[in-house]
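Working notes, structure below.
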Amino acid sequence: MKIFLAAAAFILILPFFAEKEAHAKQTMAFGYLANKSTDVNFNYLETIFPNSFATSLMNIFDVNVIKPHAVNEILTKHNLTLKKDYAPYELSEVTGKIRADIFVYGDFIPLSNNRLKIVLNFYTAGSDRLFTFTNIGKMETEIFKLVDRIAGIIINYMDKGKSYKIKEPGPGAKIAIITNLDHDDLNLLYIPFMEKGYAVSGLQGNTLHNLVDDNLINNLQTIYTKDNSFNIITDIKNVMFKEGTWGNEKYSRIVNEQKGIYRKYDLEYEKTKTDLLNRLKAASNGNIEYILIIGFNTGRNRAWIRCIDVNSQDLIWMQENIKSGGIMDMGNKIIEEMVRPVSFTSIEKGVKKK
């Protein structure tokens with residue numbers, strides 16, 4: 001359990017649509033969606049997709065957009081060229097040159113049965129966070145339905161308080177909760193879930209002293225899962241391991257231990273996280289389907305949510321700033337939001353510009 005709680009340092013929520021000032025428009029710049037297949041016949045989609053996303057958002061939300069061709073023209077003035085892919089640590093410089101608030105880029109790959117897998121990355125200027133989500137849909141006659149659905153995910157996130165959801169764990173689901181509540185307060189949180197028919201596993205138990213305190217829970221806002229992530233951007237070039245012939249055996253051992261920690265929890269974190277969830281899945285023997293990470297503020301009247309599907313090992317729901325008058329009320333509000341059907345109707349019904 002301690003290994004799980006220590007290793008689950010998933011990414012800090014990406015505040016890429018935070019309000020800067022009343023009525024101020026944000027600028028969203030689009031890079032390419034790179035064709036990851038070997039079939040060059042799909043290369044034309046590398047610009048069609050980002051242009052389509054940009055147009056959908058511009059027509060519905062009060063946001064400035066810069067399409068790939070214009071982005072490339074701006075970068076050319078700085079002796080740079082818009083690339084099809086970027087290392088996360090490169091995003092700060094590129095976004096600064098473009099003078100955008102948000103830089104969006106990604107890739108796609110054709111799948112069987114005329115489907116496409118699209119991966120989009122969002123970077124906010126001045127941050128060290130990267131939001132990534134994946135969507136799969138059909139091509140040809142339905143390709144613009146796919147475009148609208150993805151644009152709808154973005155708009156839902158912008159329009160509904162940093163909310164992202166692709167699946168609803170309904171009543172009867174087997175859940176485990178990790179939170180910064182102790183003993184009686186933790187029981188109060190469990191009650192609404194059990195009343196609504198959820199099978200609640202005692203992953204965290206009901207100890208008098210919770211290992212996940214108010215400080216540690218904030219680290220668990222960070223999420224890195226298979227297809228959908230809020231990841232921390234790191235650059236190994238900024239990590240210094242001072243070594244030399246002057247170091248004795250004890251010093252060399254300490255440096256090697258530090259390198260191992262960095263490798264395990266950063267460079268190889270995807271493998272570390274996957275191994276952890278596999279162990280949890282095996283240990284639960286089918287009794288845990290979803291992990292709910294719930295972070296309460298010190299007043300216990302606000303909370304944020306992260307939900308991981310243990311079987312698919314993916315982030316399926318996150319939400320910020322849920323408010324309540326008490327812990328049991330919070331539990332009921334969380335359930336209400338959790339079972340709300342996934343909908344991308346913002347595009348279909350139309351959303352007025354703000």
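If you're wondering about the labels, chains in the structure tokens are A, B, ... by order shown, residues count from 1 in each chain, ligands from 1 in order shown.
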Within 12 Å of Val200 in chain A using only C-alpha atoms, minus same-chain residues under 3 positions, as a ChimeraX atom specification: /A:171-178,186-187,189-197,203-205,284,287-292
Non-local contacts of Ile217 in chain A (10 Å; only C-alpha atoms; under 6 positions in same chain excluded) as number ranges by chain: A: 5, 9, 178-181, 211, 293-297
Expected file: the selected residues, all heavy atoms, as a compact mmCIF listing (two decimals), in the first residue's frame:
# COMPACT_ATOMS: atom_id res chain seq x y z
N LEU A 5 0.95 4.31 -2.76
CA LEU A 5 0.74 5.72 -2.48
C LEU A 5 1.97 6.55 -2.80
O LEU A 5 1.86 7.69 -3.25
CB LEU A 5 0.36 5.90 -1.00
CG LEU A 5 -0.98 5.27 -0.60
CD1 LEU A 5 -1.19 5.41 0.90
CD2 LEU A 5 -2.12 5.92 -1.36
N ALA A 9 2.51 9.36 -8.06
CA ALA A 9 2.66 10.82 -8.22
C ALA A 9 2.27 11.19 -9.63
O ALA A 9 3.08 11.32 -10.51
CB ALA A 9 4.09 11.23 -7.92
N ILE A 178 -8.99 6.92 -2.57
CA ILE A 178 -7.80 7.48 -1.92
C ILE A 178 -8.09 8.95 -1.68
O ILE A 178 -8.42 9.69 -2.61
CB ILE A 178 -6.55 7.33 -2.80
CG1 ILE A 178 -6.23 5.85 -3.03
CG2 ILE A 178 -5.35 8.03 -2.15
CD1 ILE A 178 -5.09 5.61 -3.98
N THR A 179 -7.98 9.39 -0.43
CA THR A 179 -8.33 10.76 -0.10
C THR A 179 -7.52 11.21 1.11
O THR A 179 -6.81 10.42 1.73
CB THR A 179 -9.84 10.89 0.18
OG1 THR A 179 -10.17 12.25 0.41
CG2 THR A 179 -10.25 10.04 1.37
N ASN A 180 -7.62 12.49 1.45
CA ASN A 180 -6.90 13.03 2.60
C ASN A 180 -7.80 13.16 3.83
O ASN A 180 -7.54 13.99 4.70
CB ASN A 180 -6.28 14.39 2.25
CG ASN A 180 -7.29 15.39 1.70
OD1 ASN A 180 -8.24 15.02 1.03
ND2 ASN A 180 -7.06 16.68 1.96
N LEU A 181 -8.85 12.35 3.89
CA LEU A 181 -9.73 12.34 5.06
C LEU A 181 -9.31 11.25 6.04
O LEU A 181 -8.79 10.20 5.65
CB LEU A 181 -11.18 12.10 4.64
CG LEU A 181 -11.83 13.15 3.72
CD1 LEU A 181 -13.26 12.76 3.42
CD2 LEU A 181 -11.76 14.54 4.34
N LEU A 211 -2.03 8.16 5.91
CA LEU A 211 -0.72 8.41 5.30
C LEU A 211 -0.81 9.51 4.25
O LEU A 211 0.17 10.18 3.95
CB LEU A 211 -0.18 7.13 4.67
CG LEU A 211 0.18 5.99 5.64
CD1 LEU A 211 0.61 4.76 4.86
CD2 LEU A 211 1.29 6.44 6.59
N ILE A 293 -9.49 9.16 -6.74
CA ILE A 293 -8.60 10.00 -5.93
C ILE A 293 -9.34 11.31 -5.68
O ILE A 293 -9.68 12.02 -6.62
CB ILE A 293 -7.27 10.25 -6.64
CG1 ILE A 293 -6.61 8.92 -7.01
CG2 ILE A 293 -6.34 11.08 -5.76
CD1 ILE A 293 -5.37 9.08 -7.88
N ILE A 294 -9.62 11.59 -4.40
CA ILE A 294 -10.43 12.76 -4.04
C ILE A 294 -9.62 13.65 -3.10
O ILE A 294 -9.26 13.23 -2.00
CB ILE A 294 -11.74 12.34 -3.36
CG1 ILE A 294 -12.50 11.33 -4.24
CG2 ILE A 294 -12.61 13.56 -3.08
CD1 ILE A 294 -13.74 10.76 -3.57
N GLY A 295 -9.32 14.85 -3.55
CA GLY A 295 -8.55 15.79 -2.73
C GLY A 295 -9.43 16.87 -2.14
O GLY A 295 -10.04 17.65 -2.88
N PHE A 296 -9.52 16.91 -0.82
CA PHE A 296 -10.31 17.93 -0.12
C PHE A 296 -9.43 19.11 0.28
O PHE A 296 -8.26 18.93 0.63
CB PHE A 296 -10.95 17.34 1.14
CG PHE A 296 -12.15 16.48 0.89
CD1 PHE A 296 -12.01 15.15 0.55
CD2 PHE A 296 -13.43 17.01 1.00
CE1 PHE A 296 -13.11 14.35 0.32
CE2 PHE A 296 -14.54 16.22 0.78
CZ PHE A 296 -14.39 14.89 0.44
N ASN A 297 -10.02 20.30 0.28
CA ASN A 297 -9.31 21.45 0.84
C ASN A 297 -9.34 21.37 2.36
O ASN A 297 -9.99 20.48 2.94
CB ASN A 297 -9.94 22.76 0.33
CG ASN A 297 -11.35 23.00 0.87
OD1 ASN A 297 -11.98 22.08 1.39
ND2 ASN A 297 -11.86 24.20 0.73
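Interatomic distance, CA of Ile322 in chain A to CA of Glu336 in chain A: 10.9 Å.
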Extract the full set of helix (DSSP H, G or I) residues from range 32-153 of chain A according to DSSP on the backbone, and format it as a short mmCIF file (atom, residue, chain, number, x, y, z; two decimals) with N, CA and C atoms, in the first residue's frame.
data_model
loop_
_atom_site.label_atom_id
_atom_site.label_comp_id
_atom_site.auth_asym_id
_atom_site.auth_seq_id
_atom_site.Cartn_x
_atom_site.Cartn_y
_atom_site.Cartn_z
N VAL A 40 1.99 7.20 -46.75
CA VAL A 40 2.05 8.64 -47.02
C VAL A 40 0.74 9.18 -47.59
N ASN A 41 -0.16 8.30 -48.00
CA ASN A 41 -1.45 8.76 -48.52
C ASN A 41 -2.28 9.47 -47.45
N PHE A 42 -1.90 9.31 -46.20
CA PHE A 42 -2.63 9.97 -45.11
C PHE A 42 -1.99 11.30 -44.72
N LEU A 45 -3.86 14.70 -44.03
CA LEU A 45 -4.61 14.94 -42.81
C LEU A 45 -3.80 15.69 -41.76
N GLU A 46 -2.50 15.79 -41.97
CA GLU A 46 -1.63 16.42 -40.98
C GLU A 46 -1.99 17.90 -40.77
N THR A 47 -2.48 18.53 -41.82
CA THR A 47 -2.93 19.92 -41.67
C THR A 47 -4.45 20.05 -41.65
N ILE A 48 -5.14 19.12 -42.32
CA ILE A 48 -6.61 19.20 -42.33
C ILE A 48 -7.17 19.09 -40.92
N PHE A 49 -6.66 18.16 -40.14
CA PHE A 49 -7.17 17.99 -38.78
C PHE A 49 -6.97 19.24 -37.92
N PRO A 50 -5.75 19.75 -37.76
CA PRO A 50 -5.61 20.94 -36.92
C PRO A 50 -6.37 22.14 -37.45
N ASN A 51 -6.44 22.31 -38.77
CA ASN A 51 -7.23 23.42 -39.33
C ASN A 51 -8.71 23.27 -38.96
N SER A 52 -9.21 22.04 -39.00
CA SER A 52 -10.62 21.79 -38.68
C SER A 52 -10.91 22.04 -37.21
N PHE A 53 -10.01 21.57 -36.31
CA PHE A 53 -10.19 21.83 -34.89
C PHE A 53 -10.19 23.33 -34.62
N ALA A 54 -9.24 24.03 -35.24
CA ALA A 54 -9.13 25.47 -35.04
C ALA A 54 -10.40 26.19 -35.48
N THR A 55 -10.93 25.81 -36.63
CA THR A 55 -12.14 26.45 -37.14
C THR A 55 -13.33 26.20 -36.23
N SER A 56 -13.48 24.95 -35.76
CA SER A 56 -14.60 24.62 -34.87
C SER A 56 -14.56 25.46 -33.60
N LEU A 57 -13.37 25.56 -33.00
CA LEU A 57 -13.25 26.31 -31.75
C LEU A 57 -13.46 27.80 -31.97
N MET A 58 -12.92 28.32 -33.07
CA MET A 58 -13.03 29.75 -33.36
C MET A 58 -14.47 30.15 -33.59
N ASN A 59 -15.26 29.27 -34.21
CA ASN A 59 -16.65 29.57 -34.51
C ASN A 59 -17.54 29.50 -33.29
N ILE A 60 -17.08 28.80 -32.24
CA ILE A 60 -17.95 28.57 -31.10
C ILE A 60 -17.48 29.32 -29.86
N PRO A 68 -1.63 25.98 -38.48
CA PRO A 68 -0.24 25.56 -38.70
C PRO A 68 0.55 26.41 -39.69
N HIS A 69 -0.05 26.76 -40.83
CA HIS A 69 0.68 27.54 -41.83
C HIS A 69 1.14 28.87 -41.25
N ALA A 70 0.25 29.55 -40.51
CA ALA A 70 0.60 30.83 -39.90
C ALA A 70 1.62 30.64 -38.78
N VAL A 71 1.51 29.54 -38.02
CA VAL A 71 2.49 29.26 -36.98
C VAL A 71 3.88 29.11 -37.59
N ASN A 72 3.94 28.37 -38.70
CA ASN A 72 5.23 28.17 -39.36
C ASN A 72 5.82 29.51 -39.83
N GLU A 73 4.97 30.39 -40.35
CA GLU A 73 5.45 31.70 -40.80
C GLU A 73 6.03 32.50 -39.63
N ILE A 74 5.39 32.43 -38.49
CA ILE A 74 5.90 33.14 -37.31
C ILE A 74 7.25 32.57 -36.88
N LEU A 75 7.34 31.24 -36.84
CA LEU A 75 8.58 30.60 -36.40
C LEU A 75 9.73 30.86 -37.37
N THR A 76 9.39 30.98 -38.66
CA THR A 76 10.43 31.25 -39.65
C THR A 76 11.15 32.56 -39.36
N PRO A 88 8.73 17.41 -24.92
CA PRO A 88 8.01 18.32 -24.03
C PRO A 88 8.82 19.52 -23.56
N TYR A 89 10.13 19.33 -23.32
CA TYR A 89 10.93 20.45 -22.82
C TYR A 89 11.15 21.53 -23.88
N GLU A 90 10.80 21.28 -25.14
CA GLU A 90 10.94 22.27 -26.21
C GLU A 90 9.73 23.22 -26.28
N LEU A 91 8.65 22.85 -25.62
CA LEU A 91 7.39 23.56 -25.83
C LEU A 91 7.41 25.00 -25.30
N SER A 92 8.13 25.24 -24.24
CA SER A 92 8.16 26.58 -23.67
C SER A 92 8.73 27.58 -24.67
N GLU A 93 9.85 27.23 -25.30
CA GLU A 93 10.47 28.14 -26.26
C GLU A 93 9.58 28.36 -27.48
N VAL A 94 9.03 27.27 -28.03
CA VAL A 94 8.20 27.36 -29.23
C VAL A 94 6.97 28.22 -28.97
N THR A 95 6.28 27.95 -27.87
CA THR A 95 5.06 28.70 -27.55
C THR A 95 5.37 30.17 -27.31
N GLY A 96 6.52 30.44 -26.70
CA GLY A 96 6.92 31.82 -26.48
C GLY A 96 7.18 32.56 -27.78
N LYS A 97 7.81 31.89 -28.74
CA LYS A 97 8.08 32.51 -30.03
C LYS A 97 6.77 32.81 -30.77
N ILE A 98 5.81 31.91 -30.65
CA ILE A 98 4.52 32.10 -31.32
C ILE A 98 3.70 33.17 -30.61
N GLU A 140 -13.56 8.94 -43.51
CA GLU A 140 -14.42 9.18 -44.67
C GLU A 140 -15.64 10.00 -44.27
N THR A 141 -16.86 9.46 -44.45
CA THR A 141 -18.06 10.27 -44.24
C THR A 141 -18.20 10.74 -42.80
N GLU A 142 -17.54 10.06 -41.86
CA GLU A 142 -17.69 10.40 -40.45
C GLU A 142 -16.51 11.20 -39.92
N ILE A 143 -15.60 11.58 -40.80
CA ILE A 143 -14.38 12.22 -40.31
C ILE A 143 -14.68 13.53 -39.61
N PHE A 144 -15.69 14.28 -40.07
CA PHE A 144 -15.99 15.55 -39.41
C PHE A 144 -16.79 15.36 -38.14
N LYS A 145 -17.45 14.19 -38.01
CA LYS A 145 -18.04 13.85 -36.72
C LYS A 145 -16.93 13.65 -35.69
N LEU A 146 -15.84 13.03 -36.14
CA LEU A 146 -14.69 12.84 -35.26
C LEU A 146 -14.10 14.19 -34.86
N VAL A 147 -13.98 15.09 -35.82
CA VAL A 147 -13.47 16.43 -35.54
C VAL A 147 -14.36 17.13 -34.52
N ASP A 148 -15.67 17.07 -34.73
CA ASP A 148 -16.61 17.73 -33.82
C ASP A 148 -16.55 17.13 -32.42
N ARG A 149 -16.41 15.80 -32.36
CA ARG A 149 -16.36 15.16 -31.04
C ARG A 149 -15.13 15.61 -30.26
N ILE A 150 -13.99 15.67 -30.93
CA ILE A 150 -12.77 16.10 -30.25
C ILE A 150 -12.87 17.57 -29.85
N ALA A 151 -13.40 18.40 -30.75
CA ALA A 151 -13.60 19.80 -30.40
C ALA A 151 -14.56 19.91 -29.22
N GLY A 152 -15.56 19.02 -29.18
CA GLY A 152 -16.51 19.02 -28.07
C GLY A 152 -15.84 18.69 -26.75
N ILE A 153 -14.87 17.78 -26.77
CA ILE A 153 -14.13 17.45 -25.54
C ILE A 153 -13.41 18.69 -25.02
#
Sel. of strand (DSSP E) residues, range 60-222 of chain A, as a ChimeraX atom specification: /A:64-66,102-111,115-124,129-138,164-165,174-179,199-201
Could you write out the selected residues, including C-alpha atoms, as a compact mmCIF listing (two decimals), in the first residue's frame?
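Final file, out01.txt:
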# COMPACT_ATOMS: atom_id res chain seq x y z
CA ASN A 64 -8.04 33.54 -31.22
CA VAL A 65 -6.56 30.68 -33.24
CA ILE A 66 -3.36 30.40 -35.26
CA ILE A 102 -1.88 27.45 -25.68
CA PHE A 103 0.00 25.29 -28.17
CA VAL A 104 -1.77 22.20 -29.53
CA TYR A 105 -0.08 19.45 -31.51
CA GLY A 106 -0.33 15.69 -31.83
CA ASP A 107 -0.40 12.69 -34.10
CA PHE A 108 -2.68 10.08 -35.60
CA ILE A 109 -2.41 6.56 -36.88
CA PRO A 110 -4.87 4.59 -39.06
CA LEU A 111 -6.36 1.49 -37.45
CA ARG A 115 -10.69 4.01 -37.96
CA LEU A 116 -8.20 6.63 -36.81
CA LYS A 117 -6.51 7.01 -33.43
CA ILE A 118 -5.84 10.68 -32.69
CA VAL A 119 -3.62 11.89 -29.84
CA LEU A 120 -3.68 15.58 -28.93
CA ASN A 121 -1.23 17.41 -26.65
CA PHE A 122 -1.99 20.76 -24.98
CA TYR A 123 0.72 22.98 -23.55
CA THR A 124 0.03 26.21 -21.66
CA ARG A 129 2.37 20.70 -17.53
CA LEU A 130 1.19 18.81 -20.60
CA PHE A 131 -2.37 17.55 -21.09
CA THR A 132 -2.74 14.60 -23.48
CA PHE A 133 -5.90 12.80 -24.54
CA THR A 134 -6.69 10.12 -27.12
CA ASN A 135 -9.78 9.63 -29.27
CA ILE A 136 -10.67 6.97 -31.84
CA GLY A 137 -13.21 7.41 -34.64
CA LYS A 138 -14.07 6.49 -38.20
CA TYR A 164 -12.94 15.74 -18.58
CA LYS A 165 -14.79 12.42 -18.71
CA LYS A 174 -16.39 -1.70 -7.51
CA ILE A 175 -14.44 1.33 -6.37
CA ALA A 176 -11.55 2.19 -4.08
CA ILE A 177 -11.05 5.68 -2.69
CA ILE A 178 -7.80 7.48 -1.92
CA THR A 179 -8.33 10.76 -0.10
CA ALA A 199 -18.96 -1.71 -3.67
CA VAL A 200 -16.33 0.25 -1.73
CA SER A 201 -13.02 -1.51 -1.06
For Ser229 in chain A, the nearest of the candidates A:Trp304, A:Arg253, A:Gln313, A:Val342, counting only C-alpha atoms: A:Gln313
Non-local contacts of Lys84 in chain A (7 Å; only C-alpha atoms; under 6 positions in same chain excluded) as a list in words: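 Result of the neighbour search: Tyr32, Leu33 and Ala34 of chain A.
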Export N, CA, C and O atoms of the chosen residues as a tab-separated table (two decimals), in the first residue's frame?
chain	number	residue	atom	x	y	z
A	32	TYR	N	1.10	20.63	-36.22
A	32	TYR	CA	0.64	19.53	-37.07
A	32	TYR	C	0.10	18.38	-36.23
A	32	TYR	O	0.42	18.24	-35.05
A	33	LEU	N	-0.73	17.54	-36.86
A	33	LEU	CA	-1.05	16.22	-36.34
A	33	LEU	C	-0.29	15.23	-37.21
A	33	LEU	O	-0.68	14.96	-38.34
A	34	ALA	N	0.81	14.75	-36.72
A	34	ALA	CA	1.74	13.96	-37.52
A	34	ALA	C	1.16	12.59	-37.86
A	34	ALA	O	0.55	11.93	-37.01
Given only C-alpha atoms as the counted atoms, nearest of A:Leu315, A:Val339, A:Val63, A:Ile308 to Ile155 in chain A: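 For Ile155 in chain A, the nearest of the candidates is A:Val63.
Among A:Ile316, A:Tyr198, A:Leu80, A:Phe30, the residue with the shortest atom-to-atom distance to Asp227 in chain A, counting only C-alpha atoms, is A:Ile316.
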